[in-house]
Each structure stands twice: as C-alpha cells, then as structure tokens.
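*Asks:* What follows is entry.pdb, made up of PDB, C-alpha atoms:
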ATOM      1  CA  MET A   1     134.038  85.959 100.947  1.00  0.00           C
ATOM      2  CA  VAL A   2     130.625  84.263 100.991  1.00  0.00           C
ATOM      3  CA  ALA A   3     130.285  84.573 104.770  1.00  0.00           C
ATOM      4  CA  PRO A   4     130.393  88.398 104.840  1.00  0.00           C
ATOM      5  CA  SER A   5     127.598  88.717 102.248  1.00  0.00           C
ATOM      6  CA  ASN A   6     125.509  86.236 104.223  1.00  0.00           C
ATOM      7  CA  ASN A   7     126.161  88.243 107.365  1.00  0.00           C
ATOM      8  CA  ILE A   8     125.079  91.390 105.575  1.00  0.00           C
ATOM      9  CA  ALA A   9     121.889  89.707 104.378  1.00  0.00           C
ATOM     10  CA  ASN A  10     121.196  88.340 107.850  1.00  0.00           C
ATOM     11  CA  SER A  11     121.899  91.669 109.520  1.00  0.00           C
ATOM     12  CA  THR A  12     119.461  93.500 107.247  1.00  0.00           C
ATOM     13  CA  ALA A  13     116.819  90.772 107.479  1.00  0.00           C
ATOM     14  CA  GLY A  14     116.919  90.746 111.295  1.00  0.00           C
ATOM     15  CA  PRO A  15     115.839  94.371 111.815  1.00  0.00           C
ATOM     16  CA  ALA A  16     113.233  94.072 109.059  1.00  0.00           C
ATOM     17  CA  ASN A  17     111.741  90.973 110.671  1.00  0.00           C
ATOM     18  CA  GLU A  18     111.785  92.626 114.091  1.00  0.00           C
ATOM     19  CA  ALA A  19     110.084  95.745 112.721  1.00  0.00           C
ATOM     20  CA  LEU A  20     107.458  93.627 110.998  1.00  0.00           C
ATOM     21  CA  SER A  21     106.844  91.685 114.199  1.00  0.00           C
ATOM     22  CA  GLU A  22     106.472  94.895 116.210  1.00  0.00           C
ATOM     23  CA  ALA A  23     104.091  96.341 113.613  1.00  0.00           C
ATOM     24  CA  LYS A  24     101.947  93.199 113.810  1.00  0.00           C
ATOM     25  CA  LYS A  25     101.771  93.397 117.612  1.00  0.00           C
ATOM     26  CA  ALA A  26     100.827  97.076 117.505  1.00  0.00           C
ATOM     27  CA  ALA A  27      98.178  96.437 114.850  1.00  0.00           C
ATOM     28  CA  GLU A  28      96.594  93.626 116.833  1.00  0.00           C
ATOM     29  CA  ALA A  29      96.279  95.916 119.872  1.00  0.00           C
ATOM     30  CA  ARG A  30      94.176  98.530 118.044  1.00  0.00           C
ATOM     31  CA  PRO A  31      90.428  98.250 117.396  1.00  0.00           C
ATOM     32  CA  ASP A  32      91.017  98.339 113.656  1.00  0.00           C
ATOM     33  CA  GLY A  33      93.705  95.695 114.015  1.00  0.00           C
ATOM     34  CA  GLN A  34      92.076  93.226 111.660  1.00  0.00           C
ATOM     35  CA  LYS A  35      92.119  95.647 108.732  1.00  0.00           C
ATOM     36  CA  THR A  36      95.614  96.705 109.635  1.00  0.00           C
ATOM     37  CA  MET A  37      96.682  93.059 109.689  1.00  0.00           C
ATOM     38  CA  LEU A  38      95.260  92.614 106.193  1.00  0.00           C
ATOM     39  CA  ASN A  39      97.226  95.663 105.065  1.00  0.00           C
ATOM     40  CA  ALA A  40     100.331  94.214 106.712  1.00  0.00           C
ATOM     41  CA  LYS A  41      99.843  90.930 104.851  1.00  0.00           C
ATOM     42  CA  ILE A  42      99.499  92.802 101.569  1.00  0.00           C
ATOM     43  CA  LEU A  43     102.606  94.826 102.364  1.00  0.00           C
ATOM     44  CA  GLN A  44     104.506  91.711 103.392  1.00  0.00           C
ATOM     45  CA  ALA A  45     103.633  90.078 100.076  1.00  0.00           C
ATOM     46  CA  SER A  46     104.633  93.211  98.208  1.00  0.00           C
ATOM     47  CA  LEU A  47     108.033  93.184  99.921  1.00  0.00           C
ATOM     48  CA  LYS A  48     108.875  90.212  97.712  1.00  0.00           C
ATOM     49  CA  VAL A  49     108.859  92.529  94.723  1.00  0.00           C
ATOM     50  CA  SER A  50     110.381  95.967  94.357  1.00  0.00           C
ATOM     51  CA  ILE A  51     107.711  98.641  94.789  1.00  0.00           C
ATOM     52  CA  GLN A  52     110.120 101.036  93.083  1.00  0.00           C
ATOM     53  CA  SER A  53     109.377  99.722  89.586  1.00  0.00           C
ATOM     54  CA  GLY A  54     106.327 101.229  87.913  1.00  0.00           C
ATOM     55  CA  ASN A  55     104.125  98.166  87.486  1.00  0.00           C
ATOM     56  CA  ASP A  56     104.481  96.657  90.966  1.00  0.00           C
ATOM     57  CA  GLY A  57     101.854  99.069  92.261  1.00  0.00           C
ATOM     58  CA  LEU A  58      99.460  97.403  89.852  1.00  0.00           C
ATOM     59  CA  ALA A  59     100.412  94.006  91.269  1.00  0.00           C
ATOM     60  CA  LEU A  60      99.406  95.294  94.694  1.00  0.00           C
ATOM     61  CA  LEU A  61      96.182  96.770  93.289  1.00  0.00           C
ATOM     62  CA  TYR A  62      95.406  93.459  91.611  1.00  0.00           C
ATOM     63  CA  ARG A  63      95.986  91.414  94.751  1.00  0.00           C
ATOM     64  CA  SER A  64      93.974  93.754  96.951  1.00  0.00           C
ATOM     65  CA  ALA A  65      91.087  93.903  94.481  1.00  0.00           C
ATOM     66  CA  ILE A  66      91.025  90.116  94.099  1.00  0.00           C
ATOM     67  CA  GLU A  67      91.059  89.630  97.889  1.00  0.00           C
ATOM     68  CA  HIS A  68      88.052  91.914  98.300  1.00  0.00           C
ATOM     69  CA  ILE A  69      86.176  90.412  95.359  1.00  0.00           C
ATOM     70  CA  ASN A  70      86.860  86.987  96.906  1.00  0.00           C
ATOM     71  CA  ALA A  71      85.454  88.273 100.204  1.00  0.00           C
ATOM     72  CA  VAL A  72      82.188  89.452  98.656  1.00  0.00           C
ATOM     73  CA  LEU A  73      81.823  86.286  96.568  1.00  0.00           C
ATOM     74  CA  GLU A  74      82.585  83.943  99.484  1.00  0.00           C
ATOM     75  CA  PRO A  75      79.010  83.747 100.857  1.00  0.00           C
ATOM     76  CA  GLU A  76      77.729  82.789  97.414  1.00  0.00           C
ATOM     77  CA  LEU A  77      80.584  80.807  95.883  1.00  0.00           C
ATOM     78  CA  GLY A  78      82.862  79.723  98.727  1.00  0.00           C
ATOM     79  CA  ALA A  79      86.275  80.741  99.959  1.00  0.00           C
ATOM     80  CA  ASN A  80      88.922  81.979  97.514  1.00  0.00           C
ATOM     81  CA  ALA A  81      86.590  81.949  94.526  1.00  0.00           C
ATOM     82  CA  ILE A  82      89.105  83.775  92.370  1.00  0.00           C
ATOM     83  CA  GLY A  83      92.501  83.100  93.934  1.00  0.00           C
ATOM     84  CA  ASN A  84      95.636  85.154  94.175  1.00  0.00           C
ATOM     85  CA  ALA A  85      97.408  84.934  90.832  1.00  0.00           C
ATOM     86  CA  MET A  86     100.288  87.400  91.223  1.00  0.00           C
ATOM     87  CA  ALA A  87     102.554  86.329  88.359  1.00  0.00           C
ATOM     88  CA  GLY A  88     102.684  87.788  84.889  1.00  0.00           C
ATOM     89  CA  ASP A  89     102.173  91.092  83.137  1.00  0.00           C
ATOM     90  CA  HIS A  90     101.158  93.891  85.482  1.00  0.00           C
ATOM     91  CA  SER A  91     100.400  96.576  82.919  1.00  0.00           C
ATOM     92  CA  ALA A  92      97.144  98.487  83.424  1.00  0.00           C
ATOM     93  CA  GLU A  93      95.497  96.620  80.556  1.00  0.00           C
ATOM     94  CA  ALA A  94      96.635  93.161  81.698  1.00  0.00           C
ATOM     95  CA  THR A  95      95.772  93.830  85.329  1.00  0.00           C
ATOM     96  CA  ALA A  96      92.312  95.104  84.415  1.00  0.00           C
ATOM     97  CA  GLY A  97      91.838  92.153  82.065  1.00  0.00           C
ATOM     98  CA  ARG A  98      92.666  89.632  84.791  1.00  0.00           C
ATOM     99  CA  ILE A  99      90.433  91.350  87.340  1.00  0.00           C
ATOM    100  CA  LEU A 100      87.575  91.428  84.839  1.00  0.00           C
ATOM    101  CA  SER A 101      87.936  87.902  83.519  1.00  0.00           C
ATOM    102  CA  MET A 102      88.318  86.352  86.941  1.00  0.00           C
ATOM    103  CA  SER A 103      85.502  88.257  88.602  1.00  0.00           C
ATOM    104  CA  THR A 104      82.988  88.146  85.734  1.00  0.00           C
ATOM    105  CA  GLY A 105      83.857  84.491  85.106  1.00  0.00           C
ATOM    106  CA  PHE A 106      81.786  83.586  88.160  1.00  0.00           C
ATOM    107  CA  PHE A 107      78.551  84.975  86.750  1.00  0.00           C
ATOM    108  CA  ASP A 108      77.094  81.621  85.691  1.00  0.00           C
ATOM    109  CA  ALA A 109      77.725  80.121  89.138  1.00  0.00           C
ATOM    110  CA  TYR A 110      76.180  83.206  90.768  1.00  0.00           C
ATOM    111  CA  ALA A 111      73.148  83.149  88.444  1.00  0.00           C
ATOM    112  CA  ALA A 112      72.628  79.433  89.129  1.00  0.00           C
ATOM    113  CA  ARG A 113      72.147  80.291  92.804  1.00  0.00           C
ATOM    114  CA  HIS A 114      69.337  82.739  91.922  1.00  0.00           C
ATOM    115  CA  PRO A 115      67.189  80.849  89.391  1.00  0.00           C
ATOM    116  CA  ASP A 116      63.891  82.401  90.552  1.00  0.00           C
ATOM    117  CA  GLN A 117      64.991  86.027  90.254  1.00  0.00           C
ATOM    118  CA  ASP A 118      64.572  88.248  87.221  1.00  0.00           C
ATOM    119  CA  PRO A 119      67.659  87.599  85.019  1.00  0.00           C
ATOM    120  CA  GLU A 120      68.342  91.308  84.508  1.00  0.00           C
ATOM    121  CA  GLU A 121      68.200  91.863  88.259  1.00  0.00           C
ATOM    122  CA  VAL A 122      70.617  88.974  88.788  1.00  0.00           C
ATOM    123  CA  VAL A 123      73.094  90.552  86.357  1.00  0.00           C
ATOM    124  CA  ARG A 124      72.780  93.977  88.002  1.00  0.00           C
ATOM    125  CA  ASP A 125      73.206  92.484  91.483  1.00  0.00           C
ATOM    126  CA  PHE A 126      76.225  90.444  90.396  1.00  0.00           C
ATOM    127  CA  VAL A 127      77.966  93.409  88.787  1.00  0.00           C
ATOM    128  CA  ALA A 128      77.211  95.584  91.829  1.00  0.00           C
ATOM    129  CA  LEU A 129      78.651  92.876  94.083  1.00  0.00           C
ATOM    130  CA  ILE A 130      81.931  92.400  92.221  1.00  0.00           C
ATOM    131  CA  ARG A 131      82.255  96.129  91.504  1.00  0.00           C
ATOM    132  CA  GLY A 132      81.934  96.809  95.237  1.00  0.00           C
ATOM    133  CA  GLY A 133      84.653  94.268  95.998  1.00  0.00           C
ATOM    134  CA  PHE A 134      86.923  95.792  93.371  1.00  0.00           C
ATOM    135  CA  GLU A 135      86.349  99.329  94.652  1.00  0.00           C
ATOM    136  CA  LYS A 136      87.204  98.299  98.225  1.00  0.00           C
ATOM    137  CA  GLY A 137      90.365  96.598  97.041  1.00  0.00           C
ATOM    138  CA  TYR A 138      91.303  99.556  94.886  1.00  0.00           C
ATOM    139  CA  ALA A 139      90.812 102.028  97.731  1.00  0.00           C
ATOM    140  CA  GLU A 140      92.882  99.884 100.087  1.00  0.00           C
ATOM    141  CA  ALA A 141      95.708  99.444  97.590  1.00  0.00           C
ATOM    142  CA  LYS A 142      95.690 103.167  96.845  1.00  0.00           C
ATOM    143  CA  ASP A 143      95.894 103.973 100.577  1.00  0.00           C
ATOM    144  CA  ILE A 144      98.822 101.588 101.009  1.00  0.00           C
ATOM    145  CA  LEU A 145     100.651 102.984  97.991  1.00  0.00           C
ATOM    146  CA  ALA A 146     100.008 106.548  99.193  1.00  0.00           C
ATOM    147  CA  GLY A 147     101.423 105.556 102.582  1.00  0.00           C
ATOM    148  CA  LEU A 148     104.531 104.265 100.831  1.00  0.00           C
ATOM    149  CA  GLY A 149     104.881 107.634  99.113  1.00  0.00           C
ATOM    150  CA  VAL A 150     104.732 106.287  95.547  1.00  0.00           C
ATOM    151  CA  LEU A 151     101.618 108.162  94.387  1.00  0.00           C
ATOM    152  CA  GLY A 152     103.047 111.655  94.180  1.00  0.00           C
ATOM    153  CA  GLU A 153     102.189 114.092  91.424  1.00  0.00           C
ATOM    154  CA  GLY A 154     103.375 112.784  88.071  1.00  0.00           C
ATOM    155  CA  SER A 155     103.853 109.269  89.444  1.00  0.00           C
ATOM    156  CA  ASP A 156     103.709 106.502  86.846  1.00  0.00           C
ATOM    157  CA  ILE A 157     102.199 104.214  89.499  1.00  0.00           C
ATOM    158  CA  ALA A 158      99.381 106.699  90.172  1.00  0.00           C
ATOM    159  CA  ALA A 159      98.673 106.965  86.442  1.00  0.00           C
ATOM    160  CA  ASP A 160      98.751 103.184  86.012  1.00  0.00           C
ATOM    161  CA  ILE A 161      96.359 102.431  88.854  1.00  0.00           C
ATOM    162  CA  ALA A 162      93.983 105.205  87.752  1.00  0.00           C
ATOM    163  CA  ASN A 163      94.026 103.752  84.230  1.00  0.00           C
ATOM    164  CA  THR A 164      93.412 100.258  85.627  1.00  0.00           C
ATOM    165  CA  TYR A 165      90.476 101.571  87.671  1.00  0.00           C
ATOM    166  CA  ALA A 166      88.921 103.178  84.595  1.00  0.00           C
ATOM    167  CA  LEU A 167      89.445 100.040  82.487  1.00  0.00           C
ATOM    168  CA  VAL A 168      87.864  97.786  85.124  1.00  0.00           C
ATOM    169  CA  GLN A 169      84.865 100.108  85.556  1.00  0.00           C
ATOM    170  CA  LYS A 170      84.361 100.231  81.772  1.00  0.00           C
ATOM    171  CA  GLY A 171      84.727  96.451  81.635  1.00  0.00           C
ATOM    172  CA  TYR A 172      82.023  95.984  84.260  1.00  0.00           C
ATOM    173  CA  ASP A 173      79.743  98.404  82.361  1.00  0.00           C
ATOM    174  CA  ASP A 174      80.380  96.532  79.098  1.00  0.00           C
ATOM    175  CA  PHE A 175      79.763  93.152  80.774  1.00  0.00           C
ATOM    176  CA  LEU A 176      76.478  94.394  82.259  1.00  0.00           C
ATOM    177  CA  GLU A 177      75.325  95.849  78.936  1.00  0.00           C
ATOM    178  CA  ALA A 178      76.248  92.683  77.001  1.00  0.00           C
ATOM    179  CA  LYS A 179      74.456  90.390  79.457  1.00  0.00           C
ATOM    180  CA  GLN A 180      71.347  92.579  79.524  1.00  0.00           C
ATOM    181  CA  SER A 181      71.267  92.717  75.714  1.00  0.00           C
ATOM    182  CA  ALA A 182      71.557  88.929  75.530  1.00  0.00           C
ATOM    183  CA  ILE A 183      68.703  88.539  78.037  1.00  0.00           C
ATOM    184  CA  ARG A 184      66.499  90.923  76.058  1.00  0.00           C
ATOM    185  CA  GLU A 185      67.247  89.040  72.827  1.00  0.00           C
ATOM    186  CA  ASP A 186      66.377  85.731  74.502  1.00  0.00           C
ATOM    187  CA  VAL A 187      63.090  87.187  75.804  1.00  0.00           C
ATOM    188  CA  GLY A 188      62.301  88.593  72.337  1.00  0.00           C
ATOM    189  CA  GLN A 189      62.968  85.270  70.649  1.00  0.00           C
ATOM    190  CA  SER A 190      60.912  83.379  73.251  1.00  0.00           C
ATOM    191  CA  SER A 191      57.915  85.669  72.740  1.00  0.00           C
ATOM    192  CA  GLN A 192      58.030  85.152  68.962  1.00  0.00           C
ATOM    193  CA  GLU A 193      57.796  81.371  69.320  1.00  0.00           C
TER     194      GLU A 193
END
I need this file expressed as structure tokens, please.

*Replies:*
Amino acid sequence: MVAPSNNIANSTAGPANEALSEAKKAAEARPDGQKTMLNAKILQASLKVSIQSGNDGLALLYRSAIEHINAVLEPELGANAIGNAMAGDHSAEATAGRILSMSTGFFDAYAARHPDQDPEEVVRDFVALIRGGFEKGYAEAKDILAGLGVLGEGSDIAADIANTYALVQKGYDDFLEAKQSAIREDVGQSSQE
C-alpha cells in the first residue's frame, strides 16, 4: 500500500516541477526576467507552506520585505544584513515586530559609517532607507498574493497585510521620533555643560 501513495506523490510532484522549470525558462527570456526570477523564488519558498491559511500571506510579506531591506542595506552593511527568518508567529503584530526589530536593529552600524554627518540627518536617512526597502517588499508580496487570488474583498490575508503595513509604518515613525528626541536631549545636555 505504500507504493501507490508514493506513486501519487511522485506523479503530482513531476508536473509541478516541470511547470516550475518552464516558468523559470520563460522568465529568464524576458527583459524583466531577474525580477520575475525573484518572484519565482519567493513563490517556490511559499509552496512549502499552505497559502490557504490566513497568516501565510504575512510570511510571504515578511520574507519579501526582509529581502528588499537586505538589498538596500547591503552597500552599507554587507550581504544578508537581516537574514530570512521564516519560522514562528506570522500574525500582523509579530510580523511587523520582526520587520521593525531586525531593520531598526542595524541603526548603530549604519550611524557608525556616517560619523561626520548631522545625527538627525543620519536617522532620517536610515529610516528612509529601510522604509523604502520595506515598501518595495510589501508591494512585491502584495502583487504576488493578488496574482494568487488571495486578496479578494473581505480576505483575511488582505486585512492582515494591510494591518502589518500600518504597524510597520507607525513603528518606523516612532523609531524616528524616539531617536530624534534622544539626539535633541543629548545636544541640550551638552550645551548646559
């Protein structure tokens, strides 16, 4: 009885692998093949989990956002500055928390590379940089999920990724405000000495 189930698994895996291979070849032939290949890699990774459950869309959003934040941080901090941590809670709050903690956690390393610039400008530039990476990743993940047909009206996935987007944007605003306040306090204390 084991052999038939293995044959079933092999027969379904064969066409899927062939389709994936054909999609890769077609993507490489187009001018936008590189972006398409990135999308294919994200989709391939997401095939390991069921996109049908509500929070897996957030896992895809998280991965895509982290990849793009890594890309914008690479010139300053090296390849894979954040990494691709895909395990764990994929609620909107947890996903936003991981994106925020991982991306903002590189501020000190970024600031150390710009010691001669105005500290407030460094903070603004850093937040703009990581926010831009997040927004690219978010847009890409949203396009992929829309292509999979899981973002229809009333979709829990659509609501979750929109909530994650709002939480990350608020987190970046809060981080920027906190850093700027700390800089102003330091300047105020230095001038009193």

*Asks:* Given the file shown, enumerate the residues that the PyMOL selection byres ((chain A and resi 91) around 9) captures and present them as a PyMOL selection string.

*Replies:* chain A and resi 55+58-59+89-90+92-96+160+164

*Asks:* What is the distance, in Å and to one decimal place, between CA of Ile66 (chain A) and CA of Arg131 (chain A)?

*Replies:*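 Between CA of Ile66 (chain A) and CA of Arg131 (chain A) the gap works out to 10.9 Å.
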
*Asks:* Could you please determine the separation between CA of Ile69 (chain A) and CA of Asp143 (chain A) in Å, to one decimal place?

*Replies:* 17.5 Å

*Asks:* Grab the CA of Lys179 (chain A) to CA of Arg63 (chain A) distance for me, in Å with one decimal place.

*Replies:*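 Straight-line distance from CA of Lys179 (chain A) to CA of Arg63 (chain A) works out to 26.4 Å.
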
*Asks:* Given all atoms listed in the file as the basis, pick out the residue of A:Ala182, A:Ala139, A:Val150, A:Leu73 nearest to Arg113 (chain A).

*Replies:*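 Among the listed residues, A:Leu73 lies closest to Arg113 (chain A).
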
*Asks:* Find the residue from A:Arg98, A:Arg124, A:His68, A:His114 that sits nearest to Leu176 (chain A); use all atoms listed in the file when measuring.

*Replies:*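 The closest residue to Leu176 (chain A) is A:Arg124.
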